[in-house]
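In what follows, a single structure is set out as structure tokens and then discussed.
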Number of protein chains: 2
Amino acid sequence: MNLIVLTPIAAVAALLFAWLQAKKVLRESEGTELMAKLAASIRSGANAYLKRQYTGVAKFFAVVFVIMMGLVFMKQMDIFVPFAFITGGFFSALSGFIGMKIATASNARTANAASHSLNKGLKVAFSAGSVMGFTVVGLGLVDMSIWFYFLKWYYRALPLAEQASKIASLMVTFGMGASMMALFARVGGGIFTKAADVGADLVGKVEAGIPEDDPRNPAVIADNVGDNVGDVAGMGADLYESYAGARLSACALAVSAGFGFEGMAVPMALSAIGIFASIIGTFFVKTNEDASQKNLLSTLRKGTYVSSAIVAIASYFLIRYAFNGENMGLFVAIIVGLLAGNLIGYFTEYYTSDTYKPTRNLASSSETGAATIIISGLSLGMYSTALPVIIVGVAVIVSYLVSGGSADFSHGLFGIGLSAVGMLSTLGITLATDAYGPVADNAGGIAEMSHMPEEVRNRTDALDSLGNTTAATGKGFAIGSAALTALALVAAYVDQCKAINPGLELNLSVMNPPVMVGVFIGAVLPFVFAAMTMDSVGKSAQSIVTEVRRQFKEIKGIMEGTGEPDYKSCVDLCTKSAQQEILAPSLMAIIVPVIVGLILGVNGVTGMLMGATVSGFILAVMMSNAGGAWDNAKKYIESGAFNGKGSDNHKAAVVGDTVGDPFKDTSGPSINILIKLLSTVSIAFASLIVNFSLNIHF
Amino acid sequence: MNLIVLTPIAAVAALLFAWLQAKKVLRESEGTELMAKLAASIRSGANAYLKRQYTGVAKFFAVVFVIMMGLVFMKQMDIFVPFAFITGGFFSALSGFIGMKIATASNARTANAASHSLNKGLKVAFSAGSVMGFTVVGLGLVDMSIWFYFLKWYYRALPLAEQASKIASLMVTFGMGASMMALFARVGGGIFTKAADVGADLVGKVEAGIPEDDPRNPAVIADNVGDNVGDVAGMGADLYESYAGARLSACALAVSAGFGFEGMAVPMALSAIGIFASIIGTFFVKTNEDASQKNLLSTLRKGTYVSSAIVAIASYFLIRYAFNGENMGLFVAIIVGLLAGNLIGYFTEYYTSDTYKPTRNLASSSETGAATIIISGLSLGMYSTALPVIIVGVAVIVSYLVSGGSADFSHGLFGIGLSAVGMLSTLGITLATDAYGPVADNAGGIAEMSHMPEEVRNRTDALDSLGNTTAATGKGFAIGSAALTALALVAAYVDQCKAINPGLELNLSVMNPPVMVGVFIGAVLPFVFAAMTMDSVGKSAQSIVTEVRRQFKEIKGIMEGTGEPDYKSCVDLCTKSAQQEILAPSLMAIIVPVIVGLILGVNGVTGMLMGATVSGFILAVMMSNAGGAWDNAKKYIESGAFNGKGSDNHKAAVVGDTVGDPFKDTSGPSINILIKLLSTVSIAFASLIVNFSLNIHF
């Protein structure tokens with residue numbers, strides 16, 4: 001219980017550390033006037049986008065808030081839930097906002113620093129990434145601390161055990177706001193960034209034959225803005241949500257397992273420990289001036305490994321202290337989570353990096369043209385789903401068994417929940433190494449557009465390519481934690497329903513038709529969702545293509561560099577499409593669980609959540625990895641393999657990369673959020689379902 | 001009970017009808033000498049392939065037979081199972097063999113008939129299709145009748161109720177042979193046909209710029225052979241297996257529901273009725289000489305609709321008679337199955353035919369190149385999964401409820417099983433309209449290669465394009481029935497395990513970790529399987545590409561038509577690759593259920609089967625529909641839309657079509673078989689799992 005106090009302390013520490021890192025970054029110079037001007041355009045584009053998005057989201061949240069208040073009025077929802085929905089959304093949005101602010105402030109600074117040395121570039125970019133990483137974890141714990149202590153005070157009159165169960169079952173309903181916001185940010189940002197990217201590439205690179213990040217391309221600023229709103233703001237909101245979901249469900253499962261406040265303290269304290277470990281880890285990210293790229297990578301990795309090791313050791317003492325030497329199996333569950341995250345990250349890299357066979361083989365299939373590179377990429381993506389599934393499967397079984405699941409089912413489920421928290425405990429530093437990527441990418445763009453010397457561009461390219469690797473690892477964590485968190489949320493959902501109506505008789509057998517049909521419906525949702533989001537990218541990209549073509553035709557001297565392209569119109573177009581297109585998938589994620597619940601009851605919803613988790617996990621891995629591999633196969637060819645840049649192989653690889661763009665940056669990562677949003681929506685509306693389901697007698 | 005005698009009668013009727021149709025086709029002339037020669041090359045290629053495949057398969061079956069005999073010796077398998085494994089495989093192979101024989105005998109005949117009139121062409125092709133359709137259903141009932149009456153005689157000493165339960169639980173283990181053979185035929189044929197097709201297109205159409213089916217292309221005969229071994233022999237074995245699986249599981253569920261022989265009689269008699277109804281339906285497939293294509297389609301449809309109507313009416317009396325006026329809900333379940341099959345077929349057509357919006361929109365995305373047509377096609381495929389899932393979901397729930405599932409769980413499951421039998425009852429005629437397609441396609445090839453007048457080619461094109469539509473509907477049936485049959489097989493599996501060890505305590509809750517992990521593993525199998533089969537096509541196609549390029553380079557005068565291409569080498573290459581490549585996916589389908597069972601027990605296997613069924617169903621629909629839509633989008637552009645043949649749009653559409661080839665003709669349809677094979681393997685090895693599972697205590 002007294003361990004819980006670590007949570008607000010760690011929250012403050014994280015935010016303080018983020019602030020210090022931000023100050024460090026902002027001390028750097030933005031370089032030449034042109035660089036500052038370009039950075040300012042990107043900044044203003046990103047700000048305009050976020051402003052518009054947040055306005056739209058605010059309206060959406062307002063509507064949902066009103067509906068929720070209606071449910072409160074009908075006594076189908078606790079009065080705190082609508083407010084927690086707002087705070088969850090707010091902090092998630094704030095995470096994204098701060099991350100993006102610092103990212104857009106650091107791109108020119110990174111480019112400028114890279115003009116001095118590779119190491120300086122790395123430092124600035126990594127500091128920017130750290131701001132993001134520690135803001136996310138800090139705000140996550142702030143939100144939780146505030147609510148926890150408020151509710152603890154509010155229910156102070158109840159006996160301790162009742163307090164714990166009341167607080168836990170309330171807090172688990174709080175995830176929906178963060179999930180909702182994350183979906184908006186990921187999907188909206190994903191559509192923006194890929195519409196701009198695909199649009200810029202299709203007309204610029206393929207039709208007009210000008211290089212990437214060429215300032216003559218009217219979509220080039222939109223493309224750079226996209227990296228910030230998608231890869232930074234979107235990812236921030238996304239991981240904020242995972243981080244919250246894992247902790248909230250683990251707390252709820254702790255209480256169902258009968259561990260009360262002592263149990264709840266474990267995931268909270270574990271997150272706190274992770275923050276301190278991550279802060280320590282960042283100090284290991286240093287390199288000497290003449291570091292090779294391989295050294296750079298091991299440098300970044302060292303930070304993560306040090307943090308993981310600290311968490312591993314500290315969690316032993318944590319469990320020992322929390323349970324007076326009992327339940328030591330939970331310590332193993334934490335380790336299993338950490339290991340599983342690292343393993344999935346490793347295999348993500350294996351399948352998507354051009355230093356390994358799969359991506360090299362993919363590049364070689366460009367020999368027979370675009371069609372074969374597409375087929376091979378899809379099949380690579382599909383193959384790559386097997387190992388993560390096995391890893392998650394083993395993690396589930398082992399955490400369940402070591403936590404005493406065979407003696408007490410609920411203990412086993414808590415173990416699974418805790419392993420998700422373990423996996424995400426070092427989020428501060430994994431996110432820092434991940435968020436550093438887009439900053440480096442943008443720095444490269446600015447270097448190119450401001451005609452900096454070749455050598456600078458080479459350095460930013462090295463940083464960027466490193467960023468692709470760390471991003472792959474980061475995605476592995478995001479995906480792995482999504483699966484475990486979603487499973488924990490499903491378990492929490494079932495508990496929640498039983499708490500609402502203790503007389504509720506559930507038949508969750510897969511042979512029970514509502515469960516069966518629920519699994520079918522759930523499994524199809526990620527496919528439909530992926531289709532929606534890919535279509536959105538396609539539609540938005542086509543509008544960009546048309547606009548860029550128009551500008552190439554109508555603006556005189558644009559190709560000679562004498563006419564100024566209208567960057568803003570492309571940014572506006574992307575913003576507008578992204579706004580329009582996020583509505584349908586978001587509505588689907590809210591409405592389907594409620595409809596399924598009203599018709600098929602709690603059994604059906606549970607089946608649906610399981611189906612969505614399983615198929616969503618697999619589809620997300622497939623899409624992310626196929627997309628990553630196509631991207632790197634193209635880069636591998638650009639580096640000179642298979643006839644190099646400009647060859648037919650390269651053209652084929654560009655087609656692959658273009659298909660992969662929405663895969664890896666829009667649909668794939670959004671599916672992770674979708675599966676958790678479905679769970680958090682189901683949890684928030686559990687009372688409605690339990691009390692008003694048609695209850696067809698199955 | 002006495003209804004069962006309808007089964008052998010219908011079997012004989014079906015085979016007789018097929019024989020009459022075959023005689024009718026063989027009476028036609030093969031046309032000019034060149035046509036006969038081309039047909040002979042195709043025939044000999046197809047024969048060579050089948051010979052090689054059957055030799056390979058025989059070895060595989062021999063190994064499995066020996067392993068099974070080992071299990072028999074260990075008392076973990078009934079002595080009849082290994083033999084039934086062989087007969088199932090044999091009849092499935094025979095279905096494919098006869099279908100292919102008649103198909104390769106009818107292609108030149110159809111081309112020749114089409115040179116007289118469209119209607120004559122239709123008649124010959126449809127008769128050839130009928131041979132295939134009625135052979136499959138006839139042999140299916142022959143196998144079942146023989147075993148049924150043999151076992152009935154063998155167990156004659158037992159009381160009736162025990163006889164029924166013994167026979168039903170034995171017969172449900174018999175599906176594995178047919179499933180295994182179907183997988184070999186579908187995957188092998190699919191790899192062959194698409195390797196040849198993709199190879200021929202990539203070098204011929206794209207690189208050399210010669211038209212499809214041009215005799216100068218060395219891969220052209222292999223391509224035509226492929227249509228026969230893939231679309232005909234493969235499909236025959238495939239649907240033989242669905243037809244068997246649906247009936248066998250329904251019989252087993254009838255007995256578990258306590259209906260004894262009276263219950264078993266229902267699916268058997270229903271299949272028999274379906275055969276008579278299908279024979280009657282074929283007489284409605286007539287058209288006048290000046291029929292438009294639309295008329296042709298409605299003509300073909302009329303046959304199916306008449307048969308369905310007859311089955312619908314007759315099944316009312318069947319149920320009434322079988323249960324003395326009780327359990328009339330089962331009649332509704334049959335109707336639900338029939339309706340669901342037709343609806344899925346309709347939506348398959350909606351998503352893949354160029355007369356509807358989705359495929360037209362897909363064609364329009366060729367405006368921005370290959371990448372966007374790929375993205376749009378994938379998203380079309382993903383969207384198209386939603387309605388089939390809803391239809392299957394509704395069918396499951398309704399058949400369950402109307403059959404009295406709320407009062408007695410096992411009655412509900414029998415209802416689900418029976419609706420699968422209902423869906424497939426008219427297989428004779430649906431398969432005839434489906435198998436007619438590849439015959440028409442090949443006739444077109446022969447018309448082209450033998451330089452018949454434009455007008456003839458137009459007629460065969462009209463027949464072919466009609467074939468694409470009916471194939472879409474047929475695929476809808478194959479997919480819908482696969483889902484329902486697989487669900488019924490899972491239910492039968494659980495019953496089987498309980499029968500083996502009545503003390504077995506199962507916890508099939510989706511929250512039980514082995515089930516959870518089982519669902520994950522099962523869901524990933526179709527993805528890995530699809531990856532394997534796509535890769536196989538890719539690898540095999542690359543070898544064809546290399547070979548065709550070599551011939552273009554080395555054989556003098558090949559382009560001028562003075563040098564003869566070496567067709568045989570391409571056929572050999574395809575045969576060899578197909579043989580090599582089928583091994584890994586087939587082994588996976590046998591080994592994984594056993595390993596999962598030994599580690600995670602019956603709970604884990606049940607979860608695995610459910611996961612595989614759900615994700616396999618969705619992936620199969622997605623791949624088949626995306627592939628079909630790409631194909632038709634390309635044809636739509638070739639017909640003049642979006643700048644027509646040879647334009648950049650067309651080139652983009654060809655990339656889409658090439659990607660779609662393995663989707664729709666290799667991986668997609670094979671997944672349907674995979675999900676049933678997993679179930680039949682699990683059922684056959686149930687005793688091993690029940691008795692030897694590690695039984696980690698969950």
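FYI, nothing fancy with the structure tokens labels: chains A, B, ... in order, residues from 1 per chain, ligands from 1 as they appear.
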Counting only C-alpha atoms, give me one row per residue of chain A with an atom at most 7 Å from an atom of chain B, showing the shortest contact pair and its distance in Å to one decimal, sorted by chain then residue number, as a Markdown table.
| residue | atom | partner | partner_atom | distance |
| --- | --- | --- | --- | --- |
| A:Ala370 | CA | B:Val655 | CA | 6.7 |
| A:Ala371 | CA | B:Val655 | CA | 5.1 |
| A:Thr372 | CA | B:Gly538 | CA | 6.6 |
| A:Ile374 | CA | B:Val659 | CA | 6.9 |
| A:Ile375 | CA | B:Val659 | CA | 5.9 |
| A:Ser376 | CA | B:Asp535 | CA | 6.4 |
| A:Ser379 | CA | B:Ala531 | CA | 4.1 |
| A:Leu380 | CA | B:Ala531 | CA | 6.9 |
| A:Met382 | CA | B:Phe527 | CA | 5.2 |
| A:Tyr383 | CA | B:Val528 | CA | 5.1 |
| A:Thr385 | CA | B:Val524 | CA | 6.8 |
| A:Ala386 | CA | B:Val524 | CA | 6.2 |
| A:Val389 | CA | B:Phe520 | CA | 6.4 |
| A:Gly393 | CA | B:Val517 | CA | 5.1 |
| A:Val396 | CA | B:Pro513 | CA | 7.0 |
| A:Ile397 | CA | B:Pro513 | CA | 6.3 |
| A:Gly405 | CA | B:Phe698 | CA | 6.8 |
| A:Ser406 | CA | B:Phe698 | CA | 4.7 |
| A:Ala491 | CA | B:Met511 | CA | 6.9 |
| A:Leu508 | CA | B:Ser509 | CA | 4.6 |
| A:Ser509 | CA | B:Ser509 | CA | 4.0 |
| A:Val510 | CA | B:Leu508 | CA | 5.9 |
| A:Met511 | CA | B:Ala491 | CA | 6.9 |
| A:Pro513 | CA | B:Ile397 | CA | 6.3 |
| A:Val517 | CA | B:Gly393 | CA | 5.1 |
| A:Phe520 | CA | B:Val614 | CA | 5.6 |
| A:Ile521 | CA | B:Val389 | CA | 6.6 |
| A:Ala523 | CA | B:Ser615 | CA | 6.8 |
| A:Val524 | CA | B:Ala386 | CA | 6.2 |
| A:Phe527 | CA | B:Met382 | CA | 5.2 |
| A:Val528 | CA | B:Tyr383 | CA | 5.1 |
| A:Ala531 | CA | B:Ser379 | CA | 4.1 |
| A:Met534 | CA | B:Ser379 | CA | 6.4 |
| A:Asp535 | CA | B:Ser379 | CA | 6.4 |
| A:Gly538 | CA | B:Thr372 | CA | 6.7 |
| A:Val614 | CA | B:Phe520 | CA | 5.6 |
| A:Ser615 | CA | B:Ser615 | CA | 6.6 |
| A:Ile618 | CA | B:Val524 | CA | 6.7 |
| A:Val655 | CA | B:Ala371 | CA | 5.1 |
| A:Thr658 | CA | B:Ala371 | CA | 6.0 |
| A:Val659 | CA | B:Ala371 | CA | 5.5 |
| A:His697 | CA | B:Ser406 | CA | 6.0 |
| A:Phe698 | CA | B:Ser406 | CA | 4.7 |
Checklist line | 9 Å contact set for Ala340 in chain B, only C-alpha atoms, chain neighbours under 3 positions out, as JSON, numbers by chain | finding: {"B": [335, 336, 337, 343, 344, 345, 388, 391, 392, 394, 395, 419, 423, 477, 480]}
Okay, now the selection with all heavy atoms, as a short mmCIF file (atom, residue, chain, number, x, y, z; two decimals), in the first residue's frame?
data_model
loop_
_atom_site.label_atom_id
_atom_site.label_comp_id
_atom_site.auth_asym_id
_atom_site.auth_seq_id
_atom_site.Cartn_x
_atom_site.Cartn_y
_atom_site.Cartn_z
N ILE B 335 -33.07 -24.64 -44.46
CA ILE B 335 -33.37 -23.47 -45.30
C ILE B 335 -32.35 -22.37 -45.04
O ILE B 335 -31.86 -21.69 -45.95
CB ILE B 335 -34.80 -22.93 -44.99
CG1 ILE B 335 -35.84 -24.01 -45.21
CG2 ILE B 335 -35.09 -21.70 -45.82
CD1 ILE B 335 -35.98 -24.43 -46.64
N VAL B 336 -32.02 -22.17 -43.76
CA VAL B 336 -31.04 -21.15 -43.40
C VAL B 336 -29.71 -21.42 -44.10
O VAL B 336 -29.08 -20.52 -44.66
CB VAL B 336 -30.86 -21.10 -41.87
CG1 VAL B 336 -29.60 -20.33 -41.49
CG2 VAL B 336 -32.07 -20.47 -41.21
N GLY B 337 -29.32 -22.69 -44.11
CA GLY B 337 -28.08 -23.05 -44.79
C GLY B 337 -28.12 -22.74 -46.27
O GLY B 337 -27.20 -22.14 -46.83
N LEU B 343 -26.62 -16.30 -50.33
CA LEU B 343 -26.31 -14.90 -49.99
C LEU B 343 -24.80 -14.65 -50.06
O LEU B 343 -24.36 -13.64 -50.63
CB LEU B 343 -26.80 -14.58 -48.58
CG LEU B 343 -28.24 -14.11 -48.49
CD1 LEU B 343 -28.63 -13.94 -47.02
CD2 LEU B 343 -28.42 -12.78 -49.23
N ILE B 344 -24.03 -15.58 -49.51
CA ILE B 344 -22.58 -15.39 -49.56
C ILE B 344 -22.13 -15.37 -51.02
O ILE B 344 -21.31 -14.55 -51.43
CB ILE B 344 -21.84 -16.48 -48.76
CG1 ILE B 344 -22.17 -16.35 -47.28
CG2 ILE B 344 -20.33 -16.37 -48.95
CD1 ILE B 344 -21.54 -17.41 -46.41
N GLY B 345 -22.72 -16.28 -51.81
CA GLY B 345 -22.41 -16.29 -53.23
C GLY B 345 -22.74 -14.96 -53.88
O GLY B 345 -21.97 -14.42 -54.68
N PRO B 388 -20.05 -11.75 -45.23
CA PRO B 388 -20.05 -13.21 -45.02
C PRO B 388 -19.98 -13.59 -43.55
O PRO B 388 -20.65 -14.54 -43.11
CB PRO B 388 -18.80 -13.68 -45.77
CG PRO B 388 -18.62 -12.68 -46.84
CD PRO B 388 -19.06 -11.37 -46.24
N ILE B 391 -23.39 -13.07 -42.17
CA ILE B 391 -24.30 -14.11 -42.66
C ILE B 391 -24.05 -15.43 -41.92
O ILE B 391 -24.99 -16.08 -41.45
CB ILE B 391 -24.13 -14.31 -44.18
CG1 ILE B 391 -24.58 -13.04 -44.92
CG2 ILE B 391 -24.92 -15.51 -44.67
CD1 ILE B 391 -24.18 -12.99 -46.37
N VAL B 392 -22.78 -15.82 -41.81
CA VAL B 392 -22.48 -17.06 -41.09
C VAL B 392 -22.94 -16.94 -39.64
O VAL B 392 -23.52 -17.87 -39.07
CB VAL B 392 -20.98 -17.39 -41.18
CG1 VAL B 392 -20.61 -18.48 -40.18
CG2 VAL B 392 -20.63 -17.85 -42.58
N VAL B 394 -25.34 -15.09 -38.34
CA VAL B 394 -26.79 -15.21 -38.24
C VAL B 394 -27.21 -16.65 -38.47
O VAL B 394 -28.06 -17.19 -37.75
CB VAL B 394 -27.48 -14.25 -39.24
CG1 VAL B 394 -28.97 -14.51 -39.29
CG2 VAL B 394 -27.20 -12.80 -38.84
N ALA B 395 -26.60 -17.29 -39.47
CA ALA B 395 -26.96 -18.68 -39.76
C ALA B 395 -26.71 -19.57 -38.55
O ALA B 395 -27.52 -20.43 -38.21
CB ALA B 395 -26.17 -19.19 -40.97
N SER B 419 -27.41 -27.37 -41.18
CA SER B 419 -27.51 -26.24 -42.10
C SER B 419 -26.31 -26.25 -43.06
O SER B 419 -26.44 -25.83 -44.21
CB SER B 419 -27.65 -24.91 -41.35
OG SER B 419 -26.42 -24.42 -40.98
N MET B 423 -26.67 -26.35 -47.06
CA MET B 423 -25.97 -25.44 -47.96
C MET B 423 -25.33 -26.20 -49.12
O MET B 423 -25.32 -25.73 -50.25
CB MET B 423 -24.89 -24.69 -47.16
CG MET B 423 -24.25 -23.56 -47.91
SD MET B 423 -22.89 -22.84 -46.98
CE MET B 423 -23.70 -21.72 -45.88
N PHE B 477 -20.11 -20.56 -51.95
CA PHE B 477 -20.60 -21.79 -51.33
C PHE B 477 -19.47 -22.55 -50.65
O PHE B 477 -19.62 -23.04 -49.54
CB PHE B 477 -21.25 -22.68 -52.38
CG PHE B 477 -22.71 -22.44 -52.54
CD1 PHE B 477 -23.19 -21.49 -53.41
CD2 PHE B 477 -23.62 -23.17 -51.78
CE1 PHE B 477 -24.55 -21.26 -53.55
CE2 PHE B 477 -24.97 -22.94 -51.91
CZ PHE B 477 -25.45 -21.98 -52.80
N GLY B 480 -18.56 -20.56 -47.48
CA GLY B 480 -19.60 -20.59 -46.45
C GLY B 480 -19.72 -21.97 -45.84
O GLY B 480 -19.81 -22.13 -44.62
#
Next item on the list: Within 9 Å of Ser242 in chain A, counting only C-alpha atoms, which residues show up once you throw out same-chain ones fewer than 5 positions away? Write them as a list of chain:residue names, please.
Entry: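 Near Ser242 in chain A, the qualifying residues are A:Ala178, A:Ser179, A:Ala237, A:Arg247, A:Leu424, A:Ala478, A:Ser481, A:Ala482, A:Thr485, A:Asn672, A:Ile673, A:Lys676.
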Check: Out of range 416-558 of chain A, which residues get alpha helix (DSSP H) from DSSP, as JSON, numbers by chain?
Finding: {"A": [416, 417, 418, 419, 420, 421, 422, 423, 424, 427, 428, 429, 430, 431, 432, 433, 434, 435, 436, 437, 438, 439, 440, 441, 442, 443, 444, 445, 446, 447, 448, 449, 454, 455, 456, 457, 458, 459, 460, 461, 462, 463, 464, 465, 466, 467, 468, 469, 470, 471, 472, 473, 474, 475, 476, 477, 478, 479, 480, 481, 482, 483, 484, 485, 486, 487, 488, 489, 490, 491, 492, 493, 494, 495, 496, 497, 498, 499, 500, 513, 514, 515, 516, 517, 518, 519, 520, 521, 522, 523, 524, 525, 526, 527, 528, 529, 530, 531, 532, 533, 534, 535, 536, 537, 538, 539, 540, 541, 542, 543, 544, 545, 546, 547, 548, 549, 550, 551, 552, 553, 554]}
Note to self: At a cut-off of 7 Å, using only C-alpha atoms, what residues contact Ile429 in chain A? Leave out same-chain residues fewer than 3 positions from it and give the result as a list of chain:residue names.
What the structure shows: A:Ser130, A:Gly133, A:Ser278, A:Thr282, A:Thr304, A:Thr426, A:Ala432, A:Thr433
Produce a file of the selected residues containing all heavy atoms, as a PDB file, in the first residue's frame.
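Once written, part-v4.pdb looks like this:
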ATOM      1  N   SER A 130      13.639  11.616 -25.740  1.00  0.00           N
ATOM      2  CA  SER A 130      13.451  11.416 -24.308  1.00  0.00           C
ATOM      3  C   SER A 130      12.335  12.297 -23.762  1.00  0.00           C
ATOM      4  O   SER A 130      11.579  11.879 -22.884  1.00  0.00           O
ATOM      5  CB  SER A 130      14.730  11.765 -23.537  1.00  0.00           C
ATOM      6  OG  SER A 130      15.795  11.022 -24.039  1.00  0.00           O
ATOM      7  N   GLY A 133       9.282  10.433 -24.506  1.00  0.00           N
ATOM      8  CA  GLY A 133       9.157   9.206 -23.720  1.00  0.00           C
ATOM      9  C   GLY A 133       8.768   9.496 -22.287  1.00  0.00           C
ATOM     10  O   GLY A 133       7.834   8.891 -21.747  1.00  0.00           O
ATOM     11  N   SER A 278      14.529   3.864 -16.338  1.00  0.00           N
ATOM     12  CA  SER A 278      14.676   4.466 -17.663  1.00  0.00           C
ATOM     13  C   SER A 278      15.538   5.714 -17.596  1.00  0.00           C
ATOM     14  O   SER A 278      16.360   5.969 -18.486  1.00  0.00           O
ATOM     15  CB  SER A 278      13.311   4.837 -18.229  1.00  0.00           C
ATOM     16  OG  SER A 278      12.526   3.693 -18.418  1.00  0.00           O
ATOM     17  N   THR A 282      19.097   6.313 -19.679  1.00  0.00           N
ATOM     18  CA  THR A 282      19.441   7.358 -20.670  1.00  0.00           C
ATOM     19  C   THR A 282      20.888   7.818 -20.527  1.00  0.00           C
ATOM     20  O   THR A 282      21.488   8.259 -21.502  1.00  0.00           O
ATOM     21  CB  THR A 282      18.538   8.595 -20.549  1.00  0.00           C
ATOM     22  OG1 THR A 282      18.647   9.100 -19.224  1.00  0.00           O
ATOM     23  CG2 THR A 282      17.098   8.278 -20.865  1.00  0.00           C
ATOM     24  N   THR A 304      18.538   0.754 -23.160  1.00  0.00           N
ATOM     25  CA  THR A 304      17.355  -0.066 -22.911  1.00  0.00           C
ATOM     26  C   THR A 304      17.698  -1.281 -22.052  1.00  0.00           C
ATOM     27  O   THR A 304      16.950  -1.625 -21.124  1.00  0.00           O
ATOM     28  CB  THR A 304      16.773  -0.562 -24.249  1.00  0.00           C
ATOM     29  OG1 THR A 304      16.786   0.520 -25.160  1.00  0.00           O
ATOM     30  CG2 THR A 304      15.376  -1.056 -24.086  1.00  0.00           C
ATOM     31  N   THR A 426       9.668  -0.243 -18.918  1.00  0.00           N
ATOM     32  CA  THR A 426      10.775   0.607 -19.363  1.00  0.00           C
ATOM     33  C   THR A 426      10.364   1.502 -20.524  1.00  0.00           C
ATOM     34  O   THR A 426      11.205   1.939 -21.316  1.00  0.00           O
ATOM     35  CB  THR A 426      11.976  -0.250 -19.797  1.00  0.00           C
ATOM     36  OG1 THR A 426      11.526  -1.168 -20.794  1.00  0.00           O
ATOM     37  CG2 THR A 426      12.561  -1.017 -18.635  1.00  0.00           C
ATOM     38  N   ALA A 432      11.769   6.697 -25.943  1.00  0.00           N
ATOM     39  CA  ALA A 432      12.759   7.708 -26.309  1.00  0.00           C
ATOM     40  C   ALA A 432      13.554   7.269 -27.534  1.00  0.00           C
ATOM     41  O   ALA A 432      13.759   8.045 -28.475  1.00  0.00           O
ATOM     42  CB  ALA A 432      13.701   7.972 -25.134  1.00  0.00           C
ATOM     43  N   THR A 433      13.991   6.003 -27.539  1.00  0.00           N
ATOM     44  CA  THR A 433      14.770   5.532 -28.682  1.00  0.00           C
ATOM     45  C   THR A 433      13.897   5.399 -29.925  1.00  0.00           C
ATOM     46  O   THR A 433      14.396   5.422 -31.045  1.00  0.00           O
ATOM     47  CB  THR A 433      15.416   4.153 -28.409  1.00  0.00           C
ATOM     48  OG1 THR A 433      14.392   3.257 -27.996  1.00  0.00           O
ATOM     49  CG2 THR A 433      16.469   4.222 -27.342  1.00  0.00           C
TER      50      THR A 433
END
Next item on the list: Mind checking which residues fall within 12 Å of Gly45 in chain A, counting only C-alpha atoms, ignoring those fewer than 6 positions away in the same chain, and posting them as a PyMOL selection string?
Entry: chain A and resi 38-39+51-52+100-101+104+192-193+219-229+567-575
